[in-house]
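Participant: model-v9.cif is reproduced below (mmCIF, C-alpha atoms).
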```
data_query
loop_
_atom_site.label_atom_id
_atom_site.label_comp_id
_atom_site.auth_asym_id
_atom_site.auth_seq_id
_atom_site.Cartn_x
_atom_site.Cartn_y
_atom_site.Cartn_z
CA MET A 1 127.86 100.65 189.36
CA THR A 2 127.14 97.59 191.48
CA GLU A 3 128.32 95.28 188.69
CA TRP A 4 131.65 97.01 188.26
CA ARG A 5 134.53 95.31 190.04
CA LEU A 6 137.55 97.20 191.23
CA PRO A 7 140.59 95.93 189.30
CA ILE A 8 143.57 94.70 191.28
CA PHE A 9 145.78 97.26 189.52
CA ASP A 10 145.26 99.88 186.88
CA ILE A 11 145.19 103.64 186.51
CA LEU A 12 142.02 105.56 187.25
CA ASP A 13 142.05 109.03 185.75
CA PHE A 14 139.26 111.49 186.52
CA ASP A 15 138.44 115.09 187.33
CA TYR A 16 136.73 115.74 190.64
CA VAL A 17 134.32 118.65 190.33
CA SER A 18 132.50 120.09 193.30
CA GLY A 19 130.97 123.11 191.59
CA ARG A 20 131.97 125.17 194.59
CA ARG A 21 133.15 128.67 193.87
CA SER A 22 135.17 131.00 196.01
CA VAL A 23 133.21 133.10 198.46
CA GLU A 24 135.15 136.09 197.16
CA THR A 25 133.55 137.01 193.85
CA SER A 26 134.62 140.60 193.43
CA SER A 27 136.96 141.46 190.57
CA ASP A 28 139.00 143.33 193.19
CA GLN A 29 139.88 139.95 194.70
CA ALA A 30 141.45 138.66 191.47
CA LEU A 31 145.20 138.69 190.95
CA ASP A 32 146.46 142.17 190.26
CA ASP A 33 147.86 142.73 186.78
CA ARG A 34 151.49 142.89 187.91
CA ALA A 35 151.35 139.52 189.72
CA PHE A 36 149.45 137.95 186.84
CA LYS A 37 151.99 139.21 184.27
CA GLU A 38 154.77 137.64 186.36
CA ILE A 39 152.96 134.30 186.31
CA LEU A 40 152.52 134.55 182.53
CA LYS A 41 156.17 135.50 182.06
CA THR A 42 157.33 132.55 184.15
CA LEU A 43 155.04 130.07 182.38
CA ARG A 44 156.08 131.31 178.93
CA GLY A 45 159.78 131.52 179.76
CA THR A 46 160.13 128.09 181.32
CA GLU A 47 161.33 125.38 178.93
CA VAL A 48 159.29 122.46 180.25
CA GLU A 49 156.42 120.41 178.89
CA ALA A 50 152.91 121.85 179.15
CA SER A 51 152.00 119.00 181.52
CA ALA A 52 154.65 120.22 184.01
CA LYS A 53 153.19 123.72 183.83
CA ILE A 54 149.75 122.25 184.55
CA ASP A 55 151.19 120.45 187.58
CA VAL A 56 152.53 123.75 188.90
CA LEU A 57 149.19 125.49 188.34
CA ARG A 58 147.45 122.58 190.03
CA SER A 59 149.61 123.01 193.12
CA VAL A 60 149.02 126.78 193.47
CA GLY A 61 145.82 127.53 191.52
CA HIS A 62 143.57 127.31 194.56
CA TRP A 63 145.44 130.24 196.12
CA PHE A 64 144.43 132.89 193.59
CA LEU A 65 141.39 134.17 191.73
CA LEU A 66 141.26 135.26 188.09
CA ARG A 67 139.22 137.51 185.86
CA SER A 68 137.88 136.12 182.57
CA MET A 69 140.33 138.22 180.57
CA GLN A 70 143.22 136.78 182.59
CA MET A 71 141.95 133.27 181.84
CA ARG A 72 141.91 134.18 178.16
CA GLU A 73 145.56 135.25 178.35
CA LEU A 74 146.51 132.15 180.30
CA LEU A 75 144.96 129.93 177.61
CA GLY A 76 147.41 131.44 175.11
CA VAL A 77 150.53 130.41 177.04
CA CYS A 78 150.76 127.01 175.35
CA ASP A 79 149.22 125.69 172.19
CA GLY A 80 146.95 122.73 172.10
CA GLU A 81 143.57 121.46 173.05
CA ALA A 82 144.90 119.52 176.05
CA TRP A 83 146.47 122.66 177.54
CA ARG A 84 143.30 124.72 177.18
CA GLY A 85 141.09 121.96 178.58
CA ASP A 86 143.37 121.37 181.57
CA VAL A 87 143.79 125.05 182.43
CA VAL A 88 140.08 125.82 182.29
CA ALA A 89 139.14 122.65 184.20
CA LEU A 90 141.71 123.53 186.84
CA LEU A 91 140.87 127.23 187.29
CA TYR A 92 137.23 127.48 186.18
CA PHE A 93 135.91 127.93 189.72
CA GLN A 94 138.54 130.56 190.48
CA ILE A 95 137.05 133.01 187.97
CA VAL A 96 135.38 135.95 189.70
CA ASP A 97 133.49 137.40 186.73
CA MET A 98 131.72 134.45 185.12
CA GLN A 99 129.36 136.91 183.46
CA ASN A 100 132.28 137.49 181.05
CA GLU A 101 132.93 133.78 180.43
CA LYS A 102 132.50 134.15 176.68
CA VAL A 103 135.76 136.16 176.63
CA PHE A 104 137.78 132.99 177.22
CA ARG A 105 135.27 130.55 175.70
CA LEU A 106 136.13 132.03 172.30
CA ARG A 107 139.79 131.00 172.82
CA PHE A 108 138.82 127.40 172.15
CA GLY A 109 139.43 126.32 168.57
CA ASP A 110 135.91 125.12 167.84
CA THR A 111 132.72 124.17 169.62
CA GLY A 112 133.77 120.52 169.72
CA GLU A 113 136.83 121.43 171.76
CA PHE A 114 134.79 123.43 174.26
CA ASP A 115 132.22 120.61 174.39
CA LYS A 116 134.96 118.26 175.58
CA PHE A 117 135.66 120.67 178.42
CA ARG A 118 131.95 120.83 179.28
CA GLU A 119 131.72 117.05 179.33
CA ARG A 120 134.71 117.00 181.63
CA LEU A 121 133.33 119.52 184.13
CA GLY A 122 129.66 118.84 183.54
CA TRP A 123 127.19 120.53 181.23
CA ALA A 124 125.10 121.89 184.08
CA THR A 125 128.16 123.11 186.00
CA SER A 126 129.60 124.93 183.00
CA PHE A 127 126.31 126.26 181.64
CA PRO A 128 126.63 129.89 180.45
CA PHE A 129 123.69 131.39 182.34
CA ILE A 130 124.84 134.92 181.61
CA GLN A 131 125.50 135.94 178.01
CA PRO A 132 124.91 132.54 176.40
CA GLU A 133 125.09 134.00 172.89
CA ARG A 134 127.45 132.21 170.54
CA ALA A 135 127.28 129.14 172.75
CA SER A 136 126.36 125.89 171.07
CA PHE A 137 125.25 122.69 172.70
CA ARG A 138 125.46 119.04 171.71
CA LEU A 139 123.68 117.30 174.56
CA ASP A 140 123.34 113.53 174.96
CA LEU A 141 119.97 113.28 176.67
CA ARG A 142 120.75 109.81 178.02
CA TYR A 143 122.76 111.55 180.75
CA TYR A 144 121.10 113.43 183.58
CA ASP A 145 123.62 116.28 183.50
CA CYS A 146 122.85 116.95 179.83
CA ARG A 147 119.14 116.71 180.49
CA LEU A 148 119.50 119.28 183.25
CA ALA A 149 121.44 121.61 180.95
CA MET A 150 118.68 121.18 178.35
CA THR A 151 116.08 122.38 180.85
CA PHE A 152 118.28 125.44 181.51
CA LEU A 153 118.27 126.16 177.79
CA ILE A 154 114.51 125.80 177.58
CA MET A 155 114.00 128.10 180.55
CA LEU A 156 116.16 130.73 178.84
CA MET A 157 114.36 130.16 175.56
CA ASN A 158 110.95 130.54 177.21
CA ARG A 159 112.00 133.81 178.86
CA GLU A 160 114.13 135.42 176.16
CA GLY A 161 112.45 134.13 173.03
CA VAL A 162 112.50 131.06 170.82
CA THR A 163 114.25 132.98 168.03
CA ASN A 164 117.49 132.88 170.03
CA VAL A 165 117.76 129.12 169.49
CA LYS A 166 119.15 128.32 166.05
CA ASN A 167 119.57 125.04 164.15
CA ALA A 168 117.93 122.79 166.73
CA LEU A 169 118.19 119.12 165.82
CA LEU A 170 117.22 115.97 167.71
CA VAL A 171 118.97 112.75 166.78
CA ASP A 172 117.05 109.73 168.05
CA GLU A 173 118.52 106.47 169.36
CA ASN A 174 118.49 105.05 165.81
CA GLY A 175 120.56 107.92 164.46
CA GLN A 176 117.62 109.53 162.65
CA ASP A 177 117.54 113.31 162.49
CA ASP A 178 114.48 115.25 163.57
CA PRO A 179 115.07 118.89 162.60
CA LEU A 180 112.38 120.06 165.08
CA MET A 181 110.65 122.15 162.46
CA LEU A 182 108.33 123.65 165.09
CA GLY A 183 111.25 124.37 167.40
CA ILE A 184 112.17 122.87 170.73
CA PRO A 185 108.98 121.92 172.57
CA ARG A 186 108.34 124.26 175.48
CA ALA A 187 106.99 121.26 177.40
CA TRP A 188 110.56 119.98 177.77
CA ASP A 189 111.08 122.42 180.64
CA ALA A 190 111.47 119.62 183.18
CA VAL A 191 114.04 116.82 183.19
CA GLU A 192 111.41 114.08 183.38
CA LYS A 193 109.63 115.43 180.26
CA LEU A 194 112.69 115.19 177.99
CA PRO A 195 113.05 112.35 175.50
CA VAL A 196 115.80 109.85 176.28
#
```
Output the structure of this file as structure tokens.
Facilitator:
Amino acid sequence: MTEWRLPIFDILDFDYVSGRRSVETSSDQALDDRAFKEILKTLRGTEVEASAKIDVLRSVGHWFLLRSMQMRELLGVCDGEAWRGDVVALLYFQIVDMQNEKVFRLRFGDTGEFDKFRERLGWATSFPFIQPERASFRLDLRYYDCRLAMTFLIMLMNREGVTNVKNALLVDENGQDDPLMLGIPRAWDAVEKLPV
């Protein structure tokens, strides 16, 4: 970072993620169904670009909480990977029942699309601690956040059983595949023990 020089002019585009969730985590605190249906109706019935709808959600999204099923419905308002990624990035920390996260995770077209979202918010921040089944991971161990998420996986694997991890593959810095025939080493349970 010390070598990077601030350009005189340009556009810097980024997502700021604090990882902070609402203090209110009860499903009772989420939008009631009537209010949520009105939001859906308005979003679906308005003839504007998806980016304008995102701008509206960005301006009011911090005022309400959602359940996972509501997030799933919201993801269906507009088509496209950009819409889904923006909506989830915007409202992820407003979800009160993250234990049901897989309900809306399955709305993403493929694992690559959801991986882009995870890279955007952070692998550790978006790690599915509860009900991680059907989750797949493609972690670049050069990055601390991915290394941290890998230790989460190993902790789950060590507690719940190695048979839950399927198709593990390590690709080294030369692009060579190591199919980890003996499985993911249990010794990788700490960030400093992971290969880079």
Participant: Please determine, counting all atoms listed in the file, which residue among A:Glu47, A:Asp140, A:Glu113, A:Glu173 has the shortest atom-to-atom distance to Gly80 in chain A.
Facilitator: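 Checking each of A:Glu47, A:Asp140, A:Glu113, A:Glu173 against Gly80 in chain A, counting all atoms listed in the file, the winner is A:Glu113.
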Participant: Of the candidates A:Leu57, A:Ala89, A:Val196, A:Leu180, which one gets nearest to Leu139 in chain A if we count all atoms listed in the file?
Facilitator: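 Closest residue, counting all atoms listed in the file: A:Val196.
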Participant: Between CA of Asn167 in chain A and CA of Cys146 in chain A, measure the distance and give it in Å to one decimal.
Facilitator: 17.9 Å
Participant: By how many Å are CA of Arg20 in chain A and CA of Val77 in chain A apart?
Facilitator: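 According to the coordinates, CA of Arg20 in chain A and CA of Val77 in chain A are separated by 26.1 Å.
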Participant: Using all atoms listed in the file, can you tell me which of A:Arg34, A:Arg147, A:Lys193, A:Arg84 comes closest to Lys116 in chain A?
Facilitator: A:Arg84
Participant: May I have the residues within 8 Å of Val96 in chain A as a ChimeraX atom specification, using all atoms listed in the file and disregarding those fewer than 4 positions away in the same chain?
Facilitator: /A:24-27,29-30,65-68
Participant: Pick out the closest residue to Leu75 in chain A from this set: A:Gln99, A:Phe104, A:Glu119, A:Ala50. Count all atoms listed in the file.
Facilitator: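 Distance minimum relative to Leu75 in chain A lands on A:Phe104.
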Participant: Pick from A:Trp188, A:Tyr144, A:Phe14, A:Phe127: nearest to Phe114 in chain A, with only C-alpha atoms counted?
Facilitator: A:Phe127
Participant: Identify, on the basis of only C-alpha atoms, every residue whose closest approach to Glu133 in chain A does not exceed 12 Å; exclude the query and any residue fewer than 2 positions from it along the same chain; express the result as a PDB file with C-alpha atoms, keeping the file's coordinate frame.
Facilitator:
```
ATOM      1  CA  GLN A  99     129.360 136.910 183.460  1.00  0.00           C
ATOM      2  CA  ASN A 100     132.280 137.490 181.050  1.00  0.00           C
ATOM      3  CA  GLU A 101     132.930 133.780 180.430  1.00  0.00           C
ATOM      4  CA  LYS A 102     132.500 134.150 176.680  1.00  0.00           C
ATOM      5  CA  VAL A 103     135.760 136.160 176.630  1.00  0.00           C
ATOM      6  CA  ARG A 105     135.270 130.550 175.700  1.00  0.00           C
ATOM      7  CA  LEU A 106     136.130 132.030 172.300  1.00  0.00           C
ATOM      8  CA  PHE A 127     126.310 126.260 181.640  1.00  0.00           C
ATOM      9  CA  PRO A 128     126.630 129.890 180.450  1.00  0.00           C
ATOM     10  CA  PHE A 129     123.690 131.390 182.340  1.00  0.00           C
ATOM     11  CA  ILE A 130     124.840 134.920 181.610  1.00  0.00           C
ATOM     12  CA  GLN A 131     125.500 135.940 178.010  1.00  0.00           C
ATOM     13  CA  ALA A 135     127.280 129.140 172.750  1.00  0.00           C
ATOM     14  CA  SER A 136     126.360 125.890 171.070  1.00  0.00           C
ATOM     15  CA  PHE A 137     125.250 122.690 172.700  1.00  0.00           C
ATOM     16  CA  LEU A 153     118.270 126.160 177.790  1.00  0.00           C
ATOM     17  CA  LEU A 156     116.160 130.730 178.840  1.00  0.00           C
ATOM     18  CA  MET A 157     114.360 130.160 175.560  1.00  0.00           C
ATOM     19  CA  GLU A 160     114.130 135.420 176.160  1.00  0.00           C
ATOM     20  CA  THR A 163     114.250 132.980 168.030  1.00  0.00           C
ATOM     21  CA  ASN A 164     117.490 132.880 170.030  1.00  0.00           C
ATOM     22  CA  VAL A 165     117.760 129.120 169.490  1.00  0.00           C
ATOM     23  CA  LYS A 166     119.150 128.320 166.050  1.00  0.00           C
TER      24      LYS A 166
END
```
Participant: Residues within 12 Å of Thr125 in chain A, please, as a ChimeraX atom specification. Count only C-alpha atoms; anything in the same chain fewer than 4 positions from it doesn't count.
Facilitator: /A:17-21,89,92-93,98,117-121,129,145-146,148-149,152
Participant: Kindly indicate which residue among A:Cys78, A:Val60, A:Asp28, A:Arg5 lies nearest to Gly45 in chain A, using only C-alpha atoms for the distances.
Facilitator: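 Among A:Cys78, A:Val60, A:Asp28, A:Arg5, it is A:Cys78 that comes nearest to Gly45 in chain A.
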Participant: Rounded to one decimal in Å, what is the spacing between CA of Gly175 in chain A and CA of Gly161 in chain A?
Facilitator: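 That distance, rounded to one decimal, is 28.7 Å.
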Participant: Quick one: residues within 9 Å of Arg58 in chain A, all atoms listed in the file counted, chain neighbours fewer than 5 positions away excluded, as a list in words?
Facilitator: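 The contact residues come out as Lys53, Val87, Leu90 and Leu91 of chain A.
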